[in-house]
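For reference, input23.cif is printed below; it contains mmCIF, C-alpha atoms, pLDDT in the B column; chains and numbers go by the auth columns.
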data_query
loop_
_atom_site.group_PDB
_atom_site.id
_atom_site.type_symbol
_atom_site.label_atom_id
_atom_site.label_comp_id
_atom_site.label_asym_id
_atom_site.label_seq_id
_atom_site.Cartn_x
_atom_site.Cartn_y
_atom_site.Cartn_z
_atom_site.B_iso_or_equiv
_atom_site.auth_seq_id
_atom_site.auth_asym_id
ATOM 1 C CA MET A 1 6.271 -20.012 1.508 89.00 1 A
ATOM 2 C CA ARG A 2 5.174 -19.436 -2.059 95.00 2 A
ATOM 3 C CA PHE A 3 2.704 -16.627 -2.837 97.00 3 A
ATOM 4 C CA LEU A 4 0.900 -15.440 -5.959 98.00 4 A
ATOM 5 C CA ALA A 5 0.305 -11.720 -6.440 98.00 5 A
ATOM 6 C CA GLU A 6 -1.586 -9.591 -8.921 98.00 6 A
ATOM 7 C CA ILE A 7 -0.534 -5.962 -9.357 98.00 7 A
ATOM 8 C CA ILE A 8 -3.258 -4.063 -11.177 98.00 8 A
ATOM 9 C CA ALA A 9 -3.306 -0.485 -12.490 98.00 9 A
ATOM 10 C CA ILE A 10 -6.462 1.123 -13.900 97.00 10 A
ATOM 11 C CA PHE A 11 -6.639 4.383 -15.882 97.00 11 A
ATOM 12 C CA ASP A 12 -9.630 6.233 -17.370 97.00 12 A
ATOM 13 C CA ALA A 13 -9.217 6.508 -21.148 96.00 13 A
ATOM 14 C CA PRO A 14 -12.424 7.136 -23.121 90.00 14 A
ATOM 15 C CA THR A 15 -10.637 6.818 -26.487 93.00 15 A
ATOM 16 C CA GLN A 16 -9.351 3.418 -27.565 92.00 16 A
ATOM 17 C CA MET A 17 -5.571 3.286 -27.915 93.00 17 A
ATOM 18 C CA HIS A 18 -2.804 0.725 -28.167 93.00 18 A
ATOM 19 C CA VAL A 19 -0.961 0.196 -24.878 95.00 19 A
ATOM 20 C CA THR A 20 2.203 -1.843 -24.329 96.00 20 A
ATOM 21 C CA PRO A 21 3.246 -2.715 -20.756 97.00 21 A
ATOM 22 C CA SER A 22 6.914 -2.785 -19.826 97.00 22 A
ATOM 23 C CA ASP A 23 8.510 -6.150 -19.116 97.00 23 A
ATOM 24 C CA LYS A 24 9.763 -4.621 -15.831 98.00 24 A
ATOM 25 C CA ILE A 25 7.917 -3.851 -12.601 98.00 25 A
ATOM 26 C CA GLU A 26 9.204 -2.482 -9.287 98.00 26 A
ATOM 27 C CA ILE A 27 7.522 -3.739 -6.110 98.00 27 A
ATOM 28 C CA SER A 28 8.093 -3.044 -2.420 98.00 28 A
ATOM 29 C CA LEU A 29 8.320 -6.414 -0.649 97.00 29 A
ATOM 30 C CA ASP A 30 9.769 -7.628 2.621 97.00 30 A
ATOM 31 C CA CYS A 31 12.892 -9.642 1.860 96.00 31 A
ATOM 32 C CA SER A 32 13.476 -12.690 4.043 94.00 32 A
ATOM 33 C CA GLY A 33 16.896 -13.070 2.403 93.00 33 A
ATOM 34 C CA CYS A 34 18.389 -9.891 3.873 94.00 34 A
ATOM 35 C CA GLN A 35 15.818 -9.735 6.698 95.00 35 A
ATOM 36 C CA ARG A 36 14.713 -6.215 5.774 95.00 36 A
ATOM 37 C CA THR A 37 11.244 -4.788 5.216 95.00 37 A
ATOM 38 C CA GLY A 38 10.172 -2.480 2.420 95.00 38 A
ATOM 39 C CA ARG A 39 12.820 -3.434 -0.123 97.00 39 A
ATOM 40 C CA THR A 40 12.248 -2.395 -3.724 98.00 40 A
ATOM 41 C CA VAL A 41 12.372 -5.586 -5.773 98.00 41 A
ATOM 42 C CA ILE A 42 12.733 -5.388 -9.556 98.00 42 A
ATOM 43 C CA PHE A 43 11.180 -8.147 -11.631 98.00 43 A
ATOM 44 C CA ARG A 44 11.691 -8.629 -15.381 98.00 44 A
ATOM 45 C CA LYS A 45 9.689 -10.914 -17.631 95.00 45 A
ATOM 46 C CA ASP A 46 12.749 -12.733 -18.987 92.00 46 A
ATOM 47 C CA SER A 47 14.303 -13.437 -15.570 96.00 47 A
ATOM 48 C CA ASN A 48 13.695 -16.327 -13.183 96.00 48 A
ATOM 49 C CA THR A 49 14.493 -14.187 -10.125 97.00 49 A
ATOM 50 C CA GLY A 50 13.966 -10.651 -8.966 98.00 50 A
ATOM 51 C CA ILE A 51 16.630 -8.204 -7.801 98.00 51 A
ATOM 52 C CA CYS A 52 16.443 -6.842 -4.252 97.00 52 A
ATOM 53 C CA THR A 53 17.700 -3.271 -4.074 97.00 53 A
ATOM 54 C CA PRO A 54 19.895 -1.650 -2.969 95.00 54 A
ATOM 55 C CA THR A 55 21.923 -4.786 -2.168 93.00 55 A
ATOM 56 C CA LEU A 56 21.294 -6.265 -5.666 96.00 56 A
ATOM 57 C CA HIS A 57 21.049 -9.843 -4.442 96.00 57 A
ATOM 58 C CA SER A 58 18.561 -12.190 -6.112 97.00 58 A
ATOM 59 C CA PHE A 59 15.005 -12.359 -4.802 98.00 59 A
ATOM 60 C CA PRO A 60 13.114 -15.675 -5.210 97.00 60 A
ATOM 61 C CA GLY A 61 10.285 -14.806 -7.571 97.00 61 A
ATOM 62 C CA ASN A 62 9.354 -14.053 -11.161 98.00 62 A
ATOM 63 C CA ILE A 63 6.710 -12.586 -13.446 98.00 63 A
ATOM 64 C CA THR A 64 4.336 -15.240 -14.744 97.00 64 A
ATOM 65 C CA GLN A 65 2.059 -13.076 -16.891 97.00 65 A
ATOM 66 C CA ILE A 66 1.659 -9.497 -18.115 98.00 66 A
ATOM 67 C CA GLU A 67 -1.607 -8.234 -19.592 96.00 67 A
ATOM 68 C CA ALA A 68 -2.776 -4.888 -20.953 95.00 68 A
ATOM 69 C CA TYR A 69 -6.178 -4.154 -22.437 90.00 69 A
ATOM 70 C CA HIS A 70 -8.698 -1.360 -23.027 89.00 70 A
ATOM 71 C CA ILE A 71 -12.230 -2.090 -21.844 89.00 71 A
ATOM 72 C CA ASN A 72 -15.206 0.070 -20.831 90.00 72 A
ATOM 73 C CA SER A 73 -13.244 3.315 -21.282 94.00 73 A
ATOM 74 C CA GLN A 74 -10.420 2.044 -19.073 96.00 74 A
ATOM 75 C CA ILE A 75 -6.849 0.944 -19.601 96.00 75 A
ATOM 76 C CA ILE A 76 -6.026 -2.005 -17.356 97.00 76 A
ATOM 77 C CA LEU A 77 -2.524 -3.310 -16.704 98.00 77 A
ATOM 78 C CA ARG A 78 -2.140 -6.586 -14.819 98.00 78 A
ATOM 79 C CA TYR A 79 1.108 -8.185 -13.659 98.00 79 A
ATOM 80 C CA SER A 80 1.034 -11.662 -12.134 98.00 80 A
ATOM 81 C CA ILE A 81 4.037 -12.713 -10.096 98.00 81 A
ATOM 82 C CA THR A 82 5.029 -15.536 -7.778 97.00 82 A
ATOM 83 C CA TYR A 83 7.543 -15.146 -4.971 97.00 83 A
ATOM 84 C CA ASN A 84 8.824 -16.765 -1.806 95.00 84 A
ATOM 85 C CA THR A 85 9.028 -15.156 1.614 92.00 85 A
ATOM 86 C CA HIS A 86 8.519 -16.017 5.266 91.00 86 A
ATOM 87 C CA ARG A 87 7.867 -14.188 8.505 91.00 87 A
ATOM 88 C CA PHE A 88 10.748 -12.360 10.192 94.00 88 A
ATOM 89 C CA ILE A 89 11.468 -9.243 12.221 91.00 89 A
ATOM 90 C CA ASP A 90 13.472 -6.398 10.726 91.00 90 A
ATOM 91 C CA ARG A 91 15.754 -5.778 13.695 87.00 91 A
ATOM 92 C CA LYS A 92 17.021 -2.439 12.408 87.00 92 A
ATOM 93 C CA HIS A 93 13.549 -0.885 12.171 84.00 93 A
ATOM 94 C CA GLU A 94 11.773 -3.201 14.640 82.00 94 A
ATOM 95 C CA LYS A 95 9.151 -4.103 12.056 88.00 95 A
ATOM 96 C CA ILE A 96 7.344 -7.398 11.602 91.00 96 A
ATOM 97 C CA SER A 97 7.344 -8.532 7.991 94.00 97 A
ATOM 98 C CA VAL A 98 4.227 -8.912 5.848 96.00 98 A
ATOM 99 C CA ILE A 99 3.666 -11.204 2.891 96.00 99 A
ATOM 100 C CA HIS A 100 2.096 -8.635 0.573 97.00 100 A
ATOM 101 C CA PRO A 101 3.420 -5.766 -1.552 97.00 101 A
ATOM 102 C CA THR A 102 3.053 -2.309 -0.017 96.00 102 A
ATOM 103 C CA TRP A 103 4.001 -0.203 -3.063 97.00 103 A
ATOM 104 C CA ALA A 104 4.661 -0.683 -6.766 98.00 104 A
ATOM 105 C CA ARG A 105 5.556 1.209 -9.928 98.00 105 A
ATOM 106 C CA VAL A 106 4.385 0.174 -13.389 98.00 106 A
ATOM 107 C CA HIS A 107 5.722 1.372 -16.749 97.00 107 A
ATOM 108 C CA PHE A 108 4.023 1.318 -20.136 97.00 108 A
ATOM 109 C CA THR A 109 3.791 3.047 -23.512 97.00 109 A
ATOM 110 C CA SER A 110 0.770 4.235 -25.473 96.00 110 A
ATOM 111 C CA ILE A 111 0.170 5.192 -29.087 96.00 111 A
ATOM 112 C CA CYS A 112 -1.672 8.494 -29.428 97.00 112 A
ATOM 113 C CA PRO A 113 -4.916 7.965 -31.416 95.00 113 A
ATOM 114 C CA GLN A 114 -4.600 11.451 -32.886 96.00 114 A
ATOM 115 C CA CYS A 115 -0.978 11.771 -34.043 97.00 115 A
ATOM 116 C CA HIS A 116 0.236 8.154 -33.588 97.00 116 A
ATOM 117 C CA ARG A 117 3.201 9.256 -31.502 97.00 117 A
ATOM 118 C CA GLU A 118 4.502 6.775 -28.903 97.00 118 A
ATOM 119 C CA ASN A 119 4.363 8.049 -25.319 97.00 119 A
ATOM 120 C CA GLU A 120 6.080 6.646 -22.216 97.00 120 A
ATOM 121 C CA HIS A 121 4.285 6.518 -18.857 97.00 121 A
ATOM 122 C CA SER A 122 4.692 5.271 -15.299 97.00 122 A
ATOM 123 C CA SER A 123 2.455 5.208 -12.260 97.00 123 A
ATOM 124 C CA GLN A 124 3.042 4.401 -8.613 97.00 124 A
ATOM 125 C CA ASN A 125 1.142 4.533 -5.347 96.00 125 A
ATOM 126 C CA ASN A 126 2.666 7.647 -3.809 93.00 126 A
ATOM 127 C CA ILE A 127 1.996 10.362 -6.396 92.00 127 A
ATOM 128 C CA ARG A 128 -0.475 13.238 -6.392 88.00 128 A
ATOM 129 C CA ARG A 129 -3.820 12.449 -7.985 91.00 129 A
ATOM 130 C CA PRO A 130 -5.818 13.006 -10.064 92.00 130 A
ATOM 131 C CA SER A 131 -3.385 13.604 -12.919 93.00 131 A
ATOM 132 C CA TYR A 132 -3.820 13.708 -16.686 95.00 132 A
ATOM 133 C CA SER A 133 -1.438 12.376 -19.308 96.00 133 A
ATOM 134 C CA PHE A 134 -1.143 14.364 -22.529 96.00 134 A
ATOM 135 C CA CYS A 135 0.545 13.625 -25.827 97.00 135 A
ATOM 136 C CA GLU A 136 2.881 16.270 -27.279 95.00 136 A
ATOM 137 C CA CYS A 137 0.175 17.033 -29.830 97.00 137 A
ATOM 138 C CA GLY A 138 -2.152 18.053 -26.986 96.00 138 A
ATOM 139 C CA PHE A 139 -4.413 15.002 -27.032 97.00 139 A
ATOM 140 C CA THR A 140 -5.567 13.807 -23.589 96.00 140 A
ATOM 141 C CA LEU A 141 -4.478 10.183 -23.340 97.00 141 A
ATOM 142 C CA PHE A 142 -5.831 9.134 -19.934 97.00 142 A
ATOM 143 C CA ASN A 143 -6.639 10.192 -16.393 97.00 143 A
ATOM 144 C CA ASP A 144 -4.813 8.629 -13.435 96.00 144 A
ATOM 145 C CA ARG A 145 -7.420 9.426 -10.745 94.00 145 A
ATOM 146 C CA ARG A 146 -7.386 6.402 -8.418 93.00 146 A
ATOM 147 C CA GLU A 147 -4.480 5.022 -6.451 96.00 147 A
ATOM 148 C CA ASN A 148 -2.385 2.721 -8.604 96.00 148 A
ATOM 149 C CA PRO A 149 -1.384 -0.039 -8.456 97.00 149 A
ATOM 150 C CA GLN A 150 -3.769 -2.244 -6.469 97.00 150 A
ATOM 151 C CA PHE A 151 -2.769 -5.589 -4.951 98.00 151 A
ATOM 152 C CA ARG A 152 -4.179 -9.076 -4.497 97.00 152 A
ATOM 153 C CA VAL A 153 -2.198 -11.907 -2.920 98.00 153 A
ATOM 154 C CA ARG A 154 -3.148 -15.590 -2.913 97.00 154 A
ATOM 155 C CA SER A 155 -1.660 -18.729 -1.461 95.00 155 A
ATOM 156 C CA LYS A 156 -0.376 -21.515 -3.679 90.00 156 A
ATOM 157 C CA TYR A 157 -3.800 -23.097 -3.103 92.00 157 A
ATOM 158 C CA ASN A 158 -5.443 -19.949 -4.576 93.00 158 A
ATOM 159 C CA ASN A 159 -6.887 -18.732 -1.258 96.00 159 A
ATOM 160 C CA LEU A 160 -7.172 -14.936 -1.113 97.00 160 A
ATOM 161 C CA LEU A 161 -4.811 -13.742 1.641 96.00 161 A
ATOM 162 C CA TYR A 162 -4.663 -9.998 1.087 96.00 162 A
ATOM 163 C CA GLN A 163 -6.378 -7.370 -1.026 96.00 163 A
ATOM 164 C CA SER A 164 -5.785 -3.634 -1.149 95.00 164 A
ATOM 165 C CA THR A 165 -7.166 -0.933 -3.424 94.00 165 A
ATOM 166 C CA ILE A 166 -5.917 2.045 -1.427 94.00 166 A
ATOM 167 C CA SER A 167 -3.127 2.724 1.074 96.00 167 A
ATOM 168 C CA THR A 168 -4.449 3.332 4.581 96.00 168 A
ATOM 169 C CA ILE A 169 -3.512 3.821 8.207 96.00 169 A
ATOM 170 C CA THR A 170 -5.973 2.181 10.588 96.00 170 A
ATOM 171 C CA ILE A 171 -6.358 1.759 14.327 97.00 171 A
ATOM 172 C CA ASN A 172 -8.078 -1.388 15.593 97.00 172 A
ATOM 173 C CA ILE A 173 -9.119 -1.933 19.217 97.00 173 A
ATOM 174 C CA PHE A 174 -9.667 -5.532 20.275 97.00 174 A
ATOM 175 C CA THR A 175 -11.520 -5.140 23.565 95.00 175 A
ATOM 176 C CA LEU A 176 -14.793 -3.523 24.681 92.00 176 A
ATOM 177 C CA ASP A 177 -13.405 -3.138 28.195 92.00 177 A
ATOM 178 C CA ILE A 178 -12.085 0.350 27.632 92.00 178 A
ATOM 179 C CA ASP A 179 -12.292 3.507 29.727 91.00 179 A
ATOM 180 C CA THR A 180 -15.099 5.866 28.640 92.00 180 A
ATOM 181 C CA GLY A 181 -12.750 8.806 28.910 93.00 181 A
ATOM 182 C CA VAL A 182 -10.400 7.178 26.377 94.00 182 A
ATOM 183 C CA LEU A 183 -13.310 6.620 23.977 94.00 183 A
ATOM 184 C CA GLU A 184 -14.377 10.249 24.308 94.00 184 A
ATOM 185 C CA TYR A 185 -10.769 11.390 23.760 95.00 185 A
ATOM 186 C CA ILE A 186 -10.507 9.389 20.531 94.00 186 A
ATOM 187 C CA ALA A 187 -13.956 10.558 19.452 94.00 187 A
ATOM 188 C CA ALA A 188 -12.931 14.202 19.805 94.00 188 A
ATOM 189 C CA LEU A 189 -9.898 13.689 17.548 93.00 189 A
ATOM 190 C CA THR A 190 -11.675 11.605 14.911 91.00 190 A
ATOM 191 C CA ASN A 191 -14.982 13.495 14.604 90.00 191 A
ATOM 192 C CA ASN A 192 -16.799 10.388 15.781 92.00 192 A
ATOM 193 C CA SER A 193 -18.786 9.588 18.904 94.00 193 A
ATOM 194 C CA ALA A 194 -17.929 7.301 21.800 93.00 194 A
ATOM 195 C CA GLU A 195 -20.936 5.184 20.842 94.00 195 A
ATOM 196 C CA GLY A 196 -19.773 4.995 17.226 94.00 196 A
ATOM 197 C CA ILE A 197 -16.290 3.922 18.286 94.00 197 A
ATOM 198 C CA ARG A 198 -17.690 1.284 20.625 94.00 198 A
ATOM 199 C CA LYS A 199 -19.847 -0.053 17.773 95.00 199 A
ATOM 200 C CA ASN A 200 -16.793 -0.309 15.499 95.00 200 A
ATOM 201 C CA ILE A 201 -14.992 -2.280 18.195 96.00 201 A
ATOM 202 C CA HIS A 202 -17.993 -4.587 18.610 96.00 202 A
ATOM 203 C CA ASP A 203 -18.179 -5.116 14.827 96.00 203 A
ATOM 204 C CA MET A 204 -14.401 -5.716 14.678 95.00 204 A
ATOM 205 C CA GLN A 205 -13.957 -2.692 12.407 96.00 205 A
ATOM 206 C CA PRO A 206 -11.210 -0.043 12.634 96.00 206 A
ATOM 207 C CA VAL A 207 -12.000 2.816 15.001 95.00 207 A
ATOM 208 C CA TYR A 208 -9.993 5.110 12.765 94.00 208 A
ATOM 209 C CA THR A 209 -9.088 4.966 9.070 94.00 209 A
ATOM 210 C CA GLN A 210 -7.143 7.448 6.955 94.00 210 A
ATOM 211 C CA ASP A 211 -6.228 7.206 3.277 94.00 211 A
ATOM 212 C CA ILE A 212 -2.489 7.839 3.274 93.00 212 A
ATOM 213 C CA TYR A 213 -2.345 9.802 0.028 90.00 213 A
ATOM 214 C CA ASN A 214 -5.420 11.919 0.783 86.00 214 A
ATOM 215 C CA ILE A 215 -4.258 13.717 3.916 88.00 215 A
ATOM 216 C CA LYS A 216 -5.197 17.407 3.704 86.00 216 A
ATOM 217 C CA GLU A 217 -3.201 18.592 6.746 91.00 217 A
ATOM 218 C CA PRO A 218 -0.256 16.193 7.246 91.00 218 A
ATOM 219 C CA VAL A 219 1.150 17.904 10.358 93.00 219 A
ATOM 220 C CA THR A 220 -2.202 17.900 12.171 93.00 220 A
ATOM 221 C CA PHE A 221 -2.860 14.334 11.086 93.00 221 A
ATOM 222 C CA SER A 222 0.493 13.085 12.410 93.00 222 A
ATOM 223 C CA GLN A 223 0.002 14.893 15.710 94.00 223 A
ATOM 224 C CA ASP A 224 -3.545 13.585 16.215 94.00 224 A
ATOM 225 C CA LEU A 225 -2.560 10.021 15.296 96.00 225 A
ATOM 226 C CA GLU A 226 0.307 10.108 17.777 95.00 226 A
ATOM 227 C CA LEU A 227 -1.963 11.462 20.512 95.00 227 A
ATOM 228 C CA ILE A 228 -4.498 8.668 19.960 96.00 228 A
ATOM 229 C CA VAL A 229 -1.871 5.924 19.921 96.00 229 A
ATOM 230 C CA PHE A 230 -0.046 7.297 22.966 96.00 230 A
ATOM 231 C CA LYS A 231 -3.344 7.459 24.879 96.00 231 A
ATOM 232 C CA LEU A 232 -4.120 3.826 24.035 96.00 232 A
ATOM 233 C CA ILE A 233 -0.631 2.730 25.081 96.00 233 A
ATOM 234 C CA SER A 234 -0.862 4.681 28.342 94.00 234 A
ATOM 235 C CA TYR A 235 -4.107 2.917 29.274 95.00 235 A
ATOM 236 C CA ASN A 236 -2.795 -0.533 28.277 95.00 236 A
ATOM 237 C CA VAL A 237 -5.569 -0.967 25.734 96.00 237 A
ATOM 238 C CA ASP A 238 -5.424 -4.063 23.543 97.00 238 A
ATOM 239 C CA PHE A 239 -5.037 -2.421 20.121 97.00 239 A
ATOM 240 C CA ASP A 240 -2.858 -2.136 17.054 97.00 240 A
ATOM 241 C CA VAL A 241 -2.123 0.492 14.433 96.00 241 A
ATOM 242 C CA PHE A 242 -1.532 -0.616 10.856 96.00 242 A
ATOM 243 C CA GLN A 243 -0.038 1.030 7.795 95.00 243 A
ATOM 244 C CA ASN A 244 -0.837 -0.861 4.596 94.00 244 A
ATOM 245 C CA GLY A 245 -1.550 -3.982 6.636 94.00 245 A
ATOM 246 C CA ARG A 246 1.722 -3.757 8.602 94.00 246 A
ATOM 247 C CA SER A 247 1.712 -3.191 12.362 94.00 247 A
ATOM 248 C CA ILE A 248 3.589 0.001 13.261 93.00 248 A
ATOM 249 C CA LYS A 249 2.688 -0.037 16.959 94.00 249 A
ATOM 250 C CA THR A 250 6.246 -0.792 18.094 89.00 250 A
ATOM 251 C CA SER A 251 7.551 2.381 16.456 88.00 251 A
ATOM 252 C CA TYR A 252 5.120 4.423 18.566 92.00 252 A
ATOM 253 C CA ILE A 253 6.100 2.556 21.726 90.00 253 A
ATOM 254 C CA ARG A 254 9.737 3.368 21.020 87.00 254 A
ATOM 255 C CA ARG A 255 8.896 7.005 20.275 87.00 255 A
ATOM 256 C CA MET A 256 6.897 7.300 23.493 87.00 256 A
ATOM 257 C CA LYS A 257 9.785 5.888 25.524 82.00 257 A
ATOM 258 C CA ASN A 258 12.218 8.320 23.874 81.00 258 A
ATOM 259 C CA ASN A 259 9.907 11.246 24.634 75.00 259 A
ATOM 260 C CA THR A 260 9.709 10.146 28.283 70.00 260 A
ATOM 261 C CA LYS A 261 13.501 9.952 28.543 66.00 261 A
ATOM 262 C CA SER A 262 13.998 13.381 26.969 66.00 262 A
ATOM 263 C CA ASN A 263 11.536 14.917 29.415 59.00 263 A
#

Will you turn the file into structure tokens for me?
Amino acid sequence: MRFLAEIIAIFDAPTQMHVTPSDKIEISLDCSGCQRTGRTVIFRKDSNTGICTPTLHSFPGNITQIEAYHINSQIILRYSITYNTHRFIDRKHEKISVIHPTWARVHFTSICPQCHRENEHSSQNNIRRPSYSFCECGFTLFNDRRENPQFRVRSKYNNLLYQSTISTITINIFTLDIDTGVLEYIAALTNNSAEGIRKNIHDMQPVYTQDIYNIKEPVTFSQDLELIVFKLISYNVDFDVFQNGRSIKTSYIRRMKNNTKSN
């Protein structure tokens, strides 16, 4: 199927400056050609296909438009691409494919308003923020404070299929018929209440959400997330756990089975 995606990066830059986007963008997409998830695909403006790495085979897609402008004290870069993909299962990692990008890196240059020197920049989802970009002359060019890039995906009929402004891990429970003890267990690990969790389930909202690149104690977070998921699996609760819109429940099921075998 054919999809249309916008990859948008926004930077705070109070001073007007000339910005030139690169004709290249790197995007993490699931490749139905090699049946693997999370491939880094490189698109260039002058090419009719992308390149799937590391295998370097062609990926069906291309850049249709690149824009860069300075408005309301912000630099905005926007890449529009079209690409083809379809649903499959990555047998090596036991992952179900998704249609949307899960990561991207943009490149661009700026002209310093103070000394007129050209500066090269890049930004991607998984870097520490906030960060400031300085010219060699000491002038502050811009602040990269929000997660970049952001994604929007539409169908060929222009229906919005996916939108993401920040990378998250979420847990969704799809039934209200759940043991009170399980609710209280989750509540204790998420600083919520059993009533609050039940309301989220009723409203079809995640019972747990964590911004991936804003985790203060990664070890504790990973342990608590695993405990919650294992508890839900043990009680046969109808649920799923998503990372950037991709189900990662099967990886926890496999991990739980391995832990059982080792014990």

Which residue is closest to A:Thr168? Choose from A:Val219, A:Val241, A:Ala188, A:Cys135 and count all atoms listed in the file.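 Result for the nearest residue to A:Thr168: A:Val241.
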
Spell out the residues picked by the PyMOL selection byres ((chain A and resi 126) around 9) here, as a ChimeraX atom specification. /A:103,123-125,127-128,147-148,212-213

Expansion of the PyMOL selection byres ((chain A and resi 86) around 12) into residues, as a ChimeraX atom specification: /A:1-3,29-37,60,83-85,87-89,96-100

Place a sphere of radius 7 Å on (-6.6, 8.5, 20.6) in the file coordinates and name every protein, DNA or RNA residue with an atom inside or on its surface, counting all atoms listed in the file; give the answer as a ChimeraX atom specification. /A:185-186,189,225,227-229,231-232

Nearest to A:Ile248: which of A:Asn143, A:Thr220, A:Thr170, A:Thr40 is it, counting all atoms listed in the file?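 Under the stated criterion, the closest residue is A:Thr170.
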
Taking only C-alpha atoms into account, which of A:Ile81, A:Ile178, A:Val19, A:Ile197 comes nearest A:Ile111?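 For A:Ile111, the nearest of the candidates is A:Val19.
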
Interatomic distance (Å, one decimal) between atom CA of A:Gln243 and atom CA of A:Ser131: 24.5 Å

Counting only C-alpha atoms, figure out which residue out of A:Arg255, A:Lys249, A:His121, A:Lys92 gets nearest to A:Pro21.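 Closest to A:Pro21, using only C-alpha atoms: A:His121.
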
I need the residue nearest A:Asn119 from this list: A:Thr20, A:Asn192, A:Ser167, A:Ser28. Use all atoms listed in the file for the distance.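 Nearest to A:Asn119: A:Thr20.
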
Evaluate the PyMOL selection byres ((chain A and resi 202-210) around 8) and report residues as a list in words: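 Going through the file, the PyMOL selection byres ((chain A and resi 202-210) around 8) ends up selecting Thr168, Ile169, Thr170, Ile171, Asn172, Ile173, Phe174, Leu176, Thr190, Ile197, Arg198, Lys199, Asn200, Ile201, Asp211, Ile212, Asn214 and Ile215 of chain A.
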
Quick one: distance from atom CA of A:Arg44 to atom CA of A:Phe108 in Å, one decimal?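 Separation between atom CA of A:Arg44 and atom CA of A:Phe108: 13.4 Å.
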
Best match for closeness to A:Ile76 among A:Tyr235, A:Tyr252, A:Phe11, A:Phe242, counting all atoms listed in the file: A:Phe11

Within 12 Å of A:Gln16, counting only C-alpha atoms, which residues show up once you throw out same-chain ones fewer than 3 positions away? Write them as a PyMOL selection string, please. chain A and resi 12-13+19+69-75+110-114+140-142

Requested write-out: C-alpha atoms of the selected residues, as a PDB file, keeping the file's coordinate frame:
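What ended up in result12.pdb:
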ATOM      1  CA  ASP A  12      -9.630   6.233 -17.370  1.00 97.00           C
ATOM      2  CA  ALA A  13      -9.217   6.508 -21.148  1.00 96.00           C
ATOM      3  CA  VAL A  19      -0.961   0.196 -24.878  1.00 95.00           C
ATOM      4  CA  TYR A  69      -6.178  -4.154 -22.437  1.00 90.00           C
ATOM      5  CA  HIS A  70      -8.698  -1.360 -23.027  1.00 89.00           C
ATOM      6  CA  ILE A  71     -12.230  -2.090 -21.844  1.00 89.00           C
ATOM      7  CA  ASN A  72     -15.206   0.070 -20.831  1.00 90.00           C
ATOM      8  CA  SER A  73     -13.244   3.315 -21.282  1.00 94.00           C
ATOM      9  CA  GLN A  74     -10.420   2.044 -19.073  1.00 96.00           C
ATOM     10  CA  ILE A  75      -6.849   0.944 -19.601  1.00 96.00           C
ATOM     11  CA  SER A 110       0.770   4.235 -25.473  1.00 96.00           C
ATOM     12  CA  ILE A 111       0.170   5.192 -29.087  1.00 96.00           C
ATOM     13  CA  CYS A 112      -1.672   8.494 -29.428  1.00 97.00           C
ATOM     14  CA  PRO A 113      -4.916   7.965 -31.416  1.00 95.00           C
ATOM     15  CA  GLN A 114      -4.600  11.451 -32.886  1.00 96.00           C
ATOM     16  CA  THR A 140      -5.567  13.807 -23.589  1.00 96.00           C
ATOM     17  CA  LEU A 141      -4.478  10.183 -23.340  1.00 97.00           C
ATOM     18  CA  PHE A 142      -5.831   9.134 -19.934  1.00 97.00           C
TER      19      PHE A 142
END

Report the distance between atom CA of A:Phe151 and atom CA of A:Thr109 in Å, rounded to one decimal place.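 Atom-to-atom, atom CA of A:Phe151 and atom CA of A:Thr109 are spaced 21.5 Å apart.
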
Counting only C-alpha atoms, write as a PyMOL selection string all protein and nucleic acid residues lying at most 7 Å from (2.1, -11.3, -11.6) in the file's frame. chain A and resi 5-7+63-66+79-82

Mind dumping the selected residues with C-alpha atoms as a short mmCIF file (atom, residue, chain, number, x, y, z; two decimals), in the frame of the given file?
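Once everything was written out, this is part00.cif:
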data_model
loop_
_atom_site.label_atom_id
_atom_site.label_comp_id
_atom_site.auth_asym_id
_atom_site.auth_seq_id
_atom_site.Cartn_x
_atom_site.Cartn_y
_atom_site.Cartn_z
CA ALA A 5 0.30 -11.72 -6.44
CA GLU A 6 -1.59 -9.59 -8.92
CA ILE A 7 -0.53 -5.96 -9.36
CA ILE A 63 6.71 -12.59 -13.45
CA THR A 64 4.34 -15.24 -14.74
CA GLN A 65 2.06 -13.08 -16.89
CA ILE A 66 1.66 -9.50 -18.11
CA TYR A 79 1.11 -8.18 -13.66
CA SER A 80 1.03 -11.66 -12.13
CA ILE A 81 4.04 -12.71 -10.10
CA THR A 82 5.03 -15.54 -7.78
#
